file coords36.cif (mmCIF, C-alpha atoms)
data_work
loop_
_atom_site.group_PDB
_atom_site.id
_atom_site.type_symbol
_atom_site.label_atom_id
_atom_site.label_comp_id
_atom_site.auth_asym_id
_atom_site.auth_seq_id
_atom_site.Cartn_x
_atom_site.Cartn_y
_atom_site.Cartn_z
ATOM 1 C CA MET L 1 -87.230 -9.376 -8.512
ATOM 2 C CA ARG L 2 -89.261 -6.156 -8.188
ATOM 3 C CA LYS L 3 -86.734 -4.741 -5.705
ATOM 4 C CA VAL L 4 -83.917 -5.473 -8.116
ATOM 5 C CA ALA L 5 -85.803 -3.768 -10.974
ATOM 6 C CA ALA L 6 -86.507 -0.709 -8.795
ATOM 7 C CA LEU L 7 -82.841 -0.544 -7.785
ATOM 8 C CA VAL L 8 -81.736 -0.781 -11.429
ATOM 9 C CA LEU L 9 -84.142 2.016 -12.426
ATOM 10 C CA PHE L 10 -83.014 4.257 -9.553
ATOM 11 C CA THR L 11 -79.346 3.567 -10.247
ATOM 12 C CA ALA L 12 -79.841 4.313 -13.941
ATOM 13 C CA ALA L 13 -81.607 7.580 -13.116
ATOM 14 C CA THR L 14 -78.828 8.768 -10.818
ATOM 15 C CA VAL L 15 -76.051 7.686 -13.184
ATOM 16 C CA PHE L 16 -77.579 9.529 -16.125
ATOM 17 C CA GLY L 17 -78.618 12.698 -14.310
ATOM 18 C CA GLN L 18 -80.923 14.346 -11.922
ATOM 19 C CA VAL L 19 -84.057 12.859 -10.441
ATOM 20 C CA THR L 20 -86.984 15.208 -9.757
ATOM 21 C CA TYR L 21 -89.303 14.533 -6.834
ATOM 22 C CA THR L 22 -92.504 16.198 -5.693
ATOM 23 C CA ILE L 23 -92.893 16.666 -1.936
ATOM 24 C CA ASP L 24 -95.843 14.627 -0.661
ATOM 25 C CA SER L 25 -97.690 17.065 1.599
ATOM 26 C CA ALA L 26 -99.714 14.274 3.218
ATOM 27 C CA HIS L 27 -96.518 12.626 4.473
ATOM 28 C CA SER L 28 -94.338 15.672 5.198
ATOM 29 C CA SER L 29 -94.240 18.325 7.911
ATOM 30 C CA ALA L 30 -92.135 21.112 9.342
ATOM 31 C CA GLY L 31 -91.662 21.383 13.086
ATOM 32 C CA PHE L 32 -90.081 23.775 15.544
ATOM 33 C CA SER L 33 -89.014 24.012 19.164
ATOM 34 C CA VAL L 34 -88.573 27.237 21.148
ATOM 35 C CA LYS L 35 -87.982 28.025 24.839
ATOM 36 C CA HIS L 36 -91.054 29.065 26.822
ATOM 37 C CA MET L 37 -90.589 31.167 29.978
ATOM 38 C CA MET L 38 -86.914 30.149 30.002
ATOM 39 C CA VAL L 39 -87.812 26.747 31.517
ATOM 40 C CA SER L 40 -89.283 24.429 28.883
ATOM 41 C CA ASN L 41 -89.498 23.862 25.151
ATOM 42 C CA VAL L 42 -92.721 24.352 23.229
ATOM 43 C CA ARG L 43 -92.997 22.313 20.057
ATOM 44 C CA GLY L 44 -95.226 22.903 17.097
ATOM 45 C CA GLN L 45 -95.604 21.889 13.511
ATOM 46 C CA PHE L 46 -96.888 23.003 10.147
ATOM 47 C CA SER L 47 -98.751 20.185 8.428
ATOM 48 C CA LYS L 48 -98.593 21.348 4.804
ATOM 49 C CA VAL L 49 -95.231 21.278 3.077
ATOM 50 C CA ALA L 50 -95.127 21.364 -0.735
ATOM 51 C CA GLY L 51 -92.511 21.766 -3.433
ATOM 52 C CA THR L 52 -89.933 19.990 -5.550
ATOM 53 C CA ILE L 53 -86.554 18.407 -4.993
ATOM 54 C CA VAL L 54 -84.069 17.811 -7.780
ATOM 55 C CA TYR L 55 -81.452 15.371 -6.540
ATOM 56 C CA ASP L 56 -78.278 14.316 -8.297
ATOM 57 C CA GLU L 57 -76.270 11.894 -6.184
ATOM 58 C CA LYS L 58 -73.341 11.899 -8.634
ATOM 59 C CA ASN L 59 -73.221 15.712 -8.922
ATOM 60 C CA LEU L 60 -74.568 16.970 -5.596
ATOM 61 C CA GLY L 61 -73.954 20.589 -6.611
ATOM 62 C CA ALA L 62 -76.601 20.247 -9.333
ATOM 63 C CA SER L 63 -79.283 19.367 -6.752
ATOM 64 C CA LYS L 64 -81.885 21.888 -5.629
ATOM 65 C CA VAL L 65 -84.939 22.328 -3.411
ATOM 66 C CA ASP L 66 -87.869 24.697 -3.709
ATOM 67 C CA ALA L 67 -90.321 24.279 -0.808
ATOM 68 C CA THR L 68 -93.320 26.134 0.602
ATOM 69 C CA ILE L 69 -94.791 25.738 4.079
ATOM 70 C CA ASP L 70 -98.386 26.770 4.803
ATOM 71 C CA VAL L 71 -98.123 28.848 7.990
ATOM 72 C CA THR L 72 -101.898 28.714 8.548
ATOM 73 C CA THR L 73 -101.529 25.009 9.453
ATOM 74 C CA ILE L 74 -99.531 25.759 12.613
ATOM 75 C CA ASN L 75 -100.382 23.465 15.510
ATOM 76 C CA THR L 76 -98.851 23.631 18.997
ATOM 77 C CA ARG L 77 -101.692 21.634 20.607
ATOM 78 C CA GLU L 78 -102.970 24.834 22.278
ATOM 79 C CA GLU L 79 -105.656 26.737 20.354
ATOM 80 C CA LYS L 80 -105.075 30.111 22.088
ATOM 81 C CA ARG L 81 -101.335 29.924 21.408
ATOM 82 C CA ASP L 82 -101.943 28.956 17.771
ATOM 83 C CA THR L 83 -104.289 31.939 17.357
ATOM 84 C CA HIS L 84 -101.650 34.232 18.886
ATOM 85 C CA LEU L 85 -98.929 32.792 16.623
ATOM 86 C CA LYS L 86 -101.140 33.489 13.566
ATOM 87 C CA SER L 87 -101.707 37.101 14.679
ATOM 88 C CA PRO L 88 -99.682 40.204 13.690
ATOM 89 C CA ASP L 89 -97.613 39.684 16.899
ATOM 90 C CA PHE L 90 -95.919 36.714 15.192
ATOM 91 C CA PHE L 91 -96.535 35.240 11.701
ATOM 92 C CA ASP L 92 -99.352 37.626 10.653
ATOM 93 C CA VAL L 93 -100.934 34.969 8.429
ATOM 94 C CA GLU L 94 -103.321 37.493 6.877
ATOM 95 C CA LYS L 95 -100.276 39.044 5.136
ATOM 96 C CA PHE L 96 -97.730 36.202 5.190
ATOM 97 C CA ASN L 97 -99.508 32.848 4.939
ATOM 98 C CA THR L 98 -96.497 30.909 3.641
ATOM 99 C CA MET L 99 -92.808 30.570 4.315
ATOM 100 C CA THR L 100 -90.440 29.397 1.605
ATOM 101 C CA PHE L 101 -87.033 27.804 1.215
ATOM 102 C CA LYS L 102 -85.039 27.947 -2.026
ATOM 103 C CA SER L 103 -81.681 26.221 -2.069
ATOM 104 C CA THR L 104 -78.575 27.931 -3.393
ATOM 105 C CA SER L 105 -76.130 25.007 -2.989
ATOM 106 C CA PHE L 106 -75.777 21.376 -1.898
ATOM 107 C CA TYR L 107 -72.525 19.965 -0.516
ATOM 108 C CA ARG L 108 -71.168 17.316 1.848
ATOM 109 C CA GLU L 109 -69.610 18.097 5.206
ATOM 110 C CA ASN L 110 -68.507 15.477 7.752
ATOM 111 C CA GLY L 111 -70.383 12.789 5.813
ATOM 112 C CA LYS L 112 -73.681 14.727 5.856
ATOM 113 C CA VAL L 113 -75.538 16.411 3.018
ATOM 114 C CA MET L 114 -75.751 20.160 3.687
ATOM 115 C CA VAL L 115 -78.169 22.462 1.889
ATOM 116 C CA LYS L 116 -77.583 26.188 1.865
ATOM 117 C CA GLY L 117 -80.463 28.396 0.826
ATOM 118 C CA ASP L 118 -82.749 31.347 1.357
ATOM 119 C CA LEU L 119 -85.457 31.018 3.985
ATOM 120 C CA THR L 120 -88.307 33.531 3.841
ATOM 121 C CA ILE L 121 -90.498 33.978 6.913
ATOM 122 C CA HIS L 122 -92.819 36.922 7.594
ATOM 123 C CA GLY L 123 -91.645 38.592 4.385
ATOM 124 C CA VAL L 124 -87.968 38.540 5.439
ATOM 125 C CA THR L 125 -85.388 36.437 3.572
ATOM 126 C CA LYS L 126 -82.203 35.215 5.265
ATOM 127 C CA PRO L 127 -79.595 32.586 4.327
ATOM 128 C CA VAL L 128 -79.633 29.358 6.356
ATOM 129 C CA VAL L 129 -77.853 26.009 6.205
ATOM 130 C CA LEU L 130 -79.812 22.778 6.659
ATOM 131 C CA THR L 131 -78.161 19.574 7.848
ATOM 132 C CA VAL L 132 -79.819 16.647 6.078
ATOM 133 C CA ASP L 133 -80.334 13.169 7.446
ATOM 134 C CA GLY L 134 -80.820 11.184 4.242
ATOM 135 C CA PRO L 135 -81.962 10.872 1.641
ATOM 136 C CA SER L 136 -83.258 7.379 2.252
ATOM 137 C CA PRO L 137 -82.914 4.731 -0.415
ATOM 138 C CA GLU L 138 -85.665 5.051 -3.005
ATOM 139 C CA VAL L 139 -88.558 2.594 -2.622
ATOM 140 C CA LYS L 140 -91.491 1.772 -4.863
ATOM 141 C CA GLY L 141 -94.960 2.304 -3.436
ATOM 142 C CA MET L 142 -98.155 4.318 -3.586
ATOM 143 C CA GLY L 143 -98.038 4.737 -7.356
ATOM 144 C CA GLY L 144 -94.410 5.726 -7.728
ATOM 145 C CA TYR L 145 -90.912 5.819 -6.309
ATOM 146 C CA ARG L 146 -90.370 7.555 -2.958
ATOM 147 C CA VAL L 147 -87.520 8.902 -0.857
ATOM 148 C CA GLY L 148 -87.441 10.524 2.544
ATOM 149 C CA ALA L 149 -85.177 12.908 4.406
ATOM 150 C CA SER L 150 -85.082 15.107 7.483
ATOM 151 C CA ALA L 151 -83.391 18.492 7.598
ATOM 152 C CA THR L 152 -82.553 20.621 10.637
ATOM 153 C CA THR L 153 -81.342 24.132 11.331
ATOM 154 C CA THR L 154 -81.464 26.723 14.087
ATOM 155 C CA ILE L 155 -82.597 30.296 13.461
ATOM 156 C CA ASN L 156 -83.068 33.460 15.483
ATOM 157 C CA ARG L 157 -86.750 34.388 15.128
ATOM 158 C CA LYS L 158 -85.957 38.108 15.523
ATOM 159 C CA ASP L 159 -83.903 37.970 12.307
ATOM 160 C CA PHE L 160 -87.226 37.339 10.529
ATOM 161 C CA GLY L 161 -89.182 40.122 12.217
ATOM 162 C CA LEU L 162 -90.843 37.850 14.802
ATOM 163 C CA THR L 163 -90.006 40.114 17.732
ATOM 164 C CA TRP L 164 -92.984 39.900 20.104
ATOM 165 C CA ASN L 165 -92.081 39.093 23.687
ATOM 166 C CA ARG L 166 -92.981 39.856 27.264
ATOM 167 C CA ALA L 167 -90.666 40.208 30.263
ATOM 168 C CA LEU L 168 -91.152 37.886 33.230
ATOM 169 C CA GLU L 169 -91.343 39.279 36.777
ATOM 170 C CA ALA L 170 -88.545 36.968 37.937
ATOM 171 C CA GLY L 171 -86.369 37.905 34.951
ATOM 172 C CA GLY L 172 -86.134 36.519 31.472
ATOM 173 C CA VAL L 173 -88.792 36.498 28.761
ATOM 174 C CA VAL L 174 -91.816 34.475 27.679
ATOM 175 C CA VAL L 175 -90.418 33.356 24.295
ATOM 176 C CA GLY L 176 -86.803 32.468 23.503
ATOM 177 C CA ASP L 177 -85.105 33.886 20.424
ATOM 178 C CA GLU L 178 -83.474 30.666 19.193
ATOM 179 C CA VAL L 179 -85.770 28.319 17.263
ATOM 180 C CA GLN L 180 -84.798 24.786 16.260
ATOM 181 C CA VAL L 181 -86.411 23.834 12.957
ATOM 182 C CA THR L 182 -86.906 20.303 11.573
ATOM 183 C CA VAL L 183 -88.430 19.447 8.208
ATOM 184 C CA ASP L 184 -89.440 15.839 7.544
ATOM 185 C CA VAL L 185 -90.067 15.154 3.877
ATOM 186 C CA GLU L 186 -91.368 12.249 1.856
ATOM 187 C CA ALA L 187 -91.121 12.903 -1.870
ATOM 188 C CA ALA L 188 -92.281 10.961 -4.921
ATOM 189 C CA ARG L 189 -91.324 10.570 -8.538
ATOM 190 C CA LYS L 190 -93.730 8.856 -10.868
#
call {"tool": "encode", "arguments": {"input": "coords36.cif", "output": "structure tokens"}}
result
Amino acid sequence: MRKVAALVLFTAATVFGQVTYTIDSAHSSAGFSVKHMMVSNVRGQFSKVAGTIVYDEKNLGASKVDATIDVTTINTREEKRDTHLKSPDFFDVEKFNTMTFKSTSFYRENGKVMVKGDLTIHGVTKPVVLTVDGPSPEVKGMGGYRVGASATTTINRKDFGLTWNRALEAGGVVVGDEVQVTVDVEAARK
């Protein structure tokens, strides 16, 4: 019976307009993957993602996202690398301790939700398009109603002023330019 009531409430909310969610930082993260020495991928994550999502299933164009990622929470499982990534060579967390994403449009393409928006990293703002897996069906738990989604995109780190690199003796470079980004979000409405 509770599931039916939750479904009725969610359906009513989406029929009559937008639903606003708050990103649950304890259950959300942003991750990345980048080539190292042209031979392997190094993965890392940022453990604090915050913000709001306004979702309107009936009028997807009215949906929006405003998210902030705490760059100081970077973790690649290697303390020296994390320290270097926080330095002026890369993110320069003393000056730029957050990155942000603000959507400009939502639409569907090939059955997927796509979110276009402005990504700001290292003080530089560029347009990106996120491909969304989700949102999940809304469920009741932990004091409210929750949804989840994952979003992916690929960026060129140099477009955002992250240009540090070192040439390898055998050819190539230490850090690749292309970075695959994944954001996993759990969001709640009360």
call {"tool": "closest_residue", "arguments": {"input": "coords36.cif", "among": "L:Ser47, L:Val71, L:Asn110, L:Lys126", "to": "L:Thr83", "atoms": "only C-alpha atoms"}}
result
L:Val71
call {"tool": "resolve_selection", "arguments": {"input": "coords36.cif", "expression": "the PyMOL selection byres ((chain L and resi 27) around 10)", "output": "number ranges by chain"}}
result
L: 23-26, 28-29, 47-49, 148, 184-187
call {"tool": "residues_around", "arguments": {"input": "coords36.cif", "residues": "L:Thr104", "least_positions_apart": "5", "cutoff": "10 Å", "atoms": "only C-alpha atoms", "output": "ChimeraX atom specification"}}
result
/L:61-66,115-118,127-129
call {"tool": "atom_distance", "arguments": {"input": "coords36.cif", "atom1": "atom CA of L:Phe91", "atom2": "atom CA of L:Glu78"}}
result
16.2 Å
call {"tool": "atom_distance", "arguments": {"input": "coords36.cif", "atom1": "atom CA of L:Met99", "atom2": "atom CA of L:Asp82"}}
result
16.3 Å
call {"tool": "atom_distance", "arguments": {"input": "coords36.cif", "atom1": "atom CA of L:Leu162", "atom2": "atom CA of L:Phe90"}}
result
5.2 Å
call {"tool": "closest_residue", "arguments": {"input": "coords36.cif", "among": "L:Tyr107, L:Tyr55, L:Phe46, L:Phe32", "to": "L:Lys86", "atoms": "all atoms listed in the file"}}
result
L:Phe46
call {"tool": "residues_around", "arguments": {"input": "coords36.cif", "residues": "L:Met114", "least_positions_apart": "2", "cutoff": "10 Å", "atoms": "all atoms listed in the file", "output": "list of chain:residue names"}}
result
L:Leu60, L:Ser105, L:Phe106, L:Tyr107, L:Arg108, L:Glu109, L:Asn110, L:Gly111, L:Lys112, L:Lys116, L:Gly117, L:Val129, L:Leu130, L:Thr131, L:Val132, L:Asp133, L:Ala151, L:Thr152
call {"tool": "closest_residue", "arguments": {"input": "coords36.cif", "among": "L:Lys95, L:Asp70, L:Lys102, L:Thr76", "to": "L:Asn41", "atoms": "only C-alpha atoms"}}
result
L:Thr76
call {"tool": "closest_residue", "arguments": {"input": "coords36.cif", "among": "L:Thr20, L:Asn165, L:Ser33, L:Thr73", "to": "L:Asp89", "atoms": "all atoms listed in the file"}}
result
L:Asn165
call {"tool": "closest_residue", "arguments": {"input": "coords36.cif", "among": "L:His84, L:Met142, L:Thr98, L:Val39", "to": "L:Gly171", "atoms": "only C-alpha atoms"}}
result
L:Val39
call {"tool": "residues_near_point", "arguments": {"input": "coords36.cif", "point": "(-88.5, 26.1, 26.6)", "cutoff": "12 Å", "atoms": "all atoms listed in the file", "output": "list in words"}}
result
Phe32, Ser33, Val34, Lys35, His36, Met37, Met38, Val39, Ser40, Asn41, Val42, Arg43, Gly172, Val173, Val174, Val175, Gly176, Asp177, Glu178, Val179 and Gln180 of chain L
